[in-house]
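Participant: Input: one structure, supplied below.
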Amino acid sequence: MKYLLATLVFMTLMTSKIIFDFNKDSNIKEWRIVNDGVMGGLSVGSFTLSPDGHGLFAGKISLENNGGFSSVRYRFDRLQVTTDSYISIQLKGDGKKYQFRVKDDSGNYYSYITTFPTSGEWEEIKISLRDMYPSFRGRKLNQPNFSTDHIEEIVFLIGNKRPENFKLLIDKIVLDQP
């Protein structure tokens with residue numbers, strides 16, 4: 001009973017902000033694909049709405065011409081965060097690993113990243129901002145983990161160093177703050 005009461009108190013103190021909630025009428029024109037073609041690669045990715053109204057990030061990774069990644073990014077008005085904030089993502093992957101990235105300033109050359117596996121089933125992925133580390137072009141930077149008070153860009157990226165087809169369905173992305 002004490003555990004239930006403590007959980008209820010904690011949940012009432014937590015605030016959530018929807019970053020994006022996909023449905024059949026979602027406007028996805030602000031979501032942008034960035035493939036390895038920016039560096040000469042041949043990977044192809046797309047971002048559309050599935051017939052059920054989920055964000056659908058899909059394509060094919062090629063290692064030719066030093067390629068090997070595809071990503072989709074979404075920039076938005078600055079959201080305030082704390083060191084205890086985390087991102088909850090409802091998604092269905094294809095059993096492959098993906099990166100989730102955030103930027104506190106969309107003009108920065110680097111992102112804060114984490115990698116997560118997918119199970120092939122609908123699931124909720126929870127990502128603690130403070131656990132995300134700075135990286136640029138696949139290299140971890142000698143800087144602290146995420147510790148600022150805002151974010152303004154999120155990115156999903158696949159780049160597993162092998163040629164492969166991919167498909168990631170995204171239902172909802174929420175910023176949770178205790």
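We name chains A, B, ... following the order of the structure tokens; residues begin at 1 in each chain, and ligands are numbered from 1 as shown.
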What lies within 10 Å of Phe20 of chain A using only C-alpha atoms, ignoring chain neighbours under 5 positions off, as a VMD selection string?

Facilitator: chain A and resid 26 28 55 74 76 89 170 to 175

Participant: If you count only C-alpha atoms, which residues fall within 12 Å of segment 43-51 of chain A, apart from same-chain ones fewer than 3 positions away, as a PyMOL selection string?

Facilitator: chain A and resi 21-40+54-74+156-159+161-171

Participant: Please report, as an MDAnalysis selection string, each residue of chain A to which DSSP assigns strand (DSSP E) when run on this structure's backbone.

Facilitator: chainID A and resid 15:21 31:35 44:49 55:61 70:80 86:92 97:103 111:117 122:128 133:136 139:140 150:158 164:177

Participant: I need the chosen residues saved as a PDB file, in the first residue's frame, with C-alpha atoms.

Facilitator:
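Below is the file result.pdb, written as the result:
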ATOM      1  CA  THR A  15       4.730  16.576 -15.959  1.00  0.00           C
ATOM      2  CA  SER A  16       4.675  15.432 -19.554  1.00  0.00           C
ATOM      3  CA  LYS A  17       4.968  17.400 -22.775  1.00  0.00           C
ATOM      4  CA  ILE A  18       4.118  15.742 -26.074  1.00  0.00           C
ATOM      5  CA  ILE A  19       6.874  16.329 -28.601  1.00  0.00           C
ATOM      6  CA  PHE A  20       4.945  14.545 -31.366  1.00  0.00           C
ATOM      7  CA  ASP A  21       1.870  12.298 -31.370  1.00  0.00           C
ATOM      8  CA  TRP A  31      10.394  15.964 -40.369  1.00  0.00           C
ATOM      9  CA  ARG A  32      13.535  15.886 -42.566  1.00  0.00           C
ATOM     10  CA  ILE A  33      15.508  12.955 -43.941  1.00  0.00           C
ATOM     11  CA  VAL A  34      19.313  13.184 -43.882  1.00  0.00           C
ATOM     12  CA  ASN A  35      21.046  10.268 -45.594  1.00  0.00           C
ATOM     13  CA  VAL A  44      18.073   5.752 -48.998  1.00  0.00           C
ATOM     14  CA  GLY A  45      15.577   6.625 -46.287  1.00  0.00           C
ATOM     15  CA  SER A  46      12.074   8.040 -46.269  1.00  0.00           C
ATOM     16  CA  PHE A  47       9.610   9.324 -43.698  1.00  0.00           C
ATOM     17  CA  THR A  48       5.882   8.979 -44.305  1.00  0.00           C
ATOM     18  CA  LEU A  49       2.662   8.270 -42.434  1.00  0.00           C
ATOM     19  CA  GLY A  55       5.417   7.861 -38.424  1.00  0.00           C
ATOM     20  CA  LEU A  56       7.203   5.427 -40.760  1.00  0.00           C
ATOM     21  CA  PHE A  57      10.974   5.748 -41.111  1.00  0.00           C
ATOM     22  CA  ALA A  58      12.103   3.148 -43.661  1.00  0.00           C
ATOM     23  CA  GLY A  59      14.718   2.508 -46.297  1.00  0.00           C
ATOM     24  CA  LYS A  60      17.915   0.718 -47.227  1.00  0.00           C
ATOM     25  CA  ILE A  61      21.429   1.218 -45.888  1.00  0.00           C
ATOM     26  CA  SER A  70      20.023   7.236 -42.740  1.00  0.00           C
ATOM     27  CA  SER A  71      18.305   9.570 -40.306  1.00  0.00           C
ATOM     28  CA  VAL A  72      15.145  11.576 -39.800  1.00  0.00           C
ATOM     29  CA  ARG A  73      15.142  14.763 -37.720  1.00  0.00           C
ATOM     30  CA  TYR A  74      12.504  16.987 -36.217  1.00  0.00           C
ATOM     31  CA  ARG A  75      13.200  20.540 -35.043  1.00  0.00           C
ATOM     32  CA  PHE A  76      10.771  22.321 -32.737  1.00  0.00           C
ATOM     33  CA  ASP A  77      10.489  25.323 -30.454  1.00  0.00           C
ATOM     34  CA  ARG A  78      12.864  25.052 -27.502  1.00  0.00           C
ATOM     35  CA  LEU A  79      11.559  22.814 -24.700  1.00  0.00           C
ATOM     36  CA  GLN A  80      12.731  23.298 -21.132  1.00  0.00           C
ATOM     37  CA  TYR A  86      13.640  11.621 -20.009  1.00  0.00           C
ATOM     38  CA  ILE A  87      12.063  10.901 -23.366  1.00  0.00           C
ATOM     39  CA  SER A  88       9.418   8.170 -23.704  1.00  0.00           C
ATOM     40  CA  ILE A  89       8.923   6.793 -27.215  1.00  0.00           C
ATOM     41  CA  GLN A  90       6.175   4.401 -28.284  1.00  0.00           C
ATOM     42  CA  LEU A  91       7.517   2.539 -31.310  1.00  0.00           C
ATOM     43  CA  LYS A  92       7.707  -0.694 -33.242  1.00  0.00           C
ATOM     44  CA  LYS A  97      19.466  -1.114 -33.290  1.00  0.00           C
ATOM     45  CA  TYR A  98      18.756   2.584 -33.743  1.00  0.00           C
ATOM     46  CA  GLN A  99      20.231   5.757 -32.342  1.00  0.00           C
ATOM     47  CA  PHE A 100      18.168   8.454 -30.713  1.00  0.00           C
ATOM     48  CA  ARG A 101      19.778  11.888 -30.740  1.00  0.00           C
ATOM     49  CA  VAL A 102      18.946  15.268 -29.255  1.00  0.00           C
ATOM     50  CA  LYS A 103      20.384  18.723 -29.708  1.00  0.00           C
ATOM     51  CA  SER A 111      24.436  15.678 -30.975  1.00  0.00           C
ATOM     52  CA  TYR A 112      23.851  13.852 -27.718  1.00  0.00           C
ATOM     53  CA  ILE A 113      23.134  10.220 -28.505  1.00  0.00           C
ATOM     54  CA  THR A 114      22.122   6.844 -27.175  1.00  0.00           C
ATOM     55  CA  THR A 115      21.530   3.534 -28.931  1.00  0.00           C
ATOM     56  CA  PHE A 116      18.522   1.319 -28.318  1.00  0.00           C
ATOM     57  CA  PRO A 117      17.526  -2.121 -29.611  1.00  0.00           C
ATOM     58  CA  TRP A 122       5.256  -2.358 -30.015  1.00  0.00           C
ATOM     59  CA  GLU A 123       7.193  -1.138 -27.003  1.00  0.00           C
ATOM     60  CA  GLU A 124       8.003   1.925 -24.930  1.00  0.00           C
ATOM     61  CA  ILE A 125      11.607   3.092 -24.945  1.00  0.00           C
ATOM     62  CA  LYS A 126      12.627   5.404 -22.072  1.00  0.00           C
ATOM     63  CA  ILE A 127      15.752   7.491 -22.549  1.00  0.00           C
ATOM     64  CA  SER A 128      17.306   9.522 -19.744  1.00  0.00           C
ATOM     65  CA  TYR A 133      26.732  11.438 -24.588  1.00  0.00           C
ATOM     66  CA  PRO A 134      28.041  13.968 -27.128  1.00  0.00           C
ATOM     67  CA  SER A 135      29.093  12.617 -30.507  1.00  0.00           C
ATOM     68  CA  PHE A 136      30.060  13.907 -33.939  1.00  0.00           C
ATOM     69  CA  ARG A 139      32.970   9.649 -32.549  1.00  0.00           C
ATOM     70  CA  LYS A 140      32.364  10.240 -28.866  1.00  0.00           C
ATOM     71  CA  HIS A 150      16.560  22.747 -23.079  1.00  0.00           C
ATOM     72  CA  ILE A 151      16.273  20.730 -26.303  1.00  0.00           C
ATOM     73  CA  GLU A 152      15.143  21.769 -29.781  1.00  0.00           C
ATOM     74  CA  GLU A 153      15.827  18.807 -32.074  1.00  0.00           C
ATOM     75  CA  ILE A 154      15.384  15.040 -32.025  1.00  0.00           C
ATOM     76  CA  VAL A 155      16.757  12.511 -34.515  1.00  0.00           C
ATOM     77  CA  PHE A 156      16.321   8.804 -35.217  1.00  0.00           C
ATOM     78  CA  LEU A 157      19.320   7.292 -37.020  1.00  0.00           C
ATOM     79  CA  ILE A 158      20.260   3.844 -38.241  1.00  0.00           C
ATOM     80  CA  GLU A 164      20.337  -3.668 -44.486  1.00  0.00           C
ATOM     81  CA  ASN A 165      16.738  -2.698 -45.026  1.00  0.00           C
ATOM     82  CA  PHE A 166      15.054  -0.975 -42.092  1.00  0.00           C
ATOM     83  CA  LYS A 167      11.598  -0.041 -40.848  1.00  0.00           C
ATOM     84  CA  LEU A 168      10.734   1.894 -37.690  1.00  0.00           C
ATOM     85  CA  LEU A 169       7.151   2.842 -36.787  1.00  0.00           C
ATOM     86  CA  ILE A 170       6.776   5.697 -34.289  1.00  0.00           C
ATOM     87  CA  ASP A 171       3.542   6.370 -32.417  1.00  0.00           C
ATOM     88  CA  LYS A 172       4.316   8.995 -29.775  1.00  0.00           C
ATOM     89  CA  ILE A 173       7.304  10.926 -28.395  1.00  0.00           C
ATOM     90  CA  VAL A 174       6.893  12.498 -24.962  1.00  0.00           C
ATOM     91  CA  LEU A 175       9.155  14.561 -22.717  1.00  0.00           C
ATOM     92  CA  ASP A 176       8.651  13.443 -19.097  1.00  0.00           C
ATOM     93  CA  GLN A 177       9.868  15.567 -16.218  1.00  0.00           C
TER      94      GLN A 177
END

Participant: Please compute the atom CA of Asp84 of chain A-atom CA of Asn160 of chain A distance, one decimal, in Å.

Facilitator: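 One can read the atom CA of Asp84 of chain A to atom CA of Asn160 of chain A distance as 29.1 Å.
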
Participant: Interatomic distance between atom CA of Asn145 of chain A and atom CA of Gly120 of chain A?

Facilitator: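 So the two atoms, atom CA of Asn145 of chain A and atom CA of Gly120 of chain A, lie 29.3 Å apart.
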
Participant: Could you tell me how far atom CA of Ser147 of chain A lies from atom CA of Ser85 of chain A, in Å and to one decimal?

Facilitator: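 Computing the Euclidean distance for atom CA of Ser147 of chain A and atom CA of Ser85 of chain A yields 10.3 Å.
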
Participant: Using DSSP assignments from the backbone, pull out every residue in chain A that falls under alpha helix (DSSP H) and give it to me as a ChimeraX atom specification.

Facilitator: /A:2-13
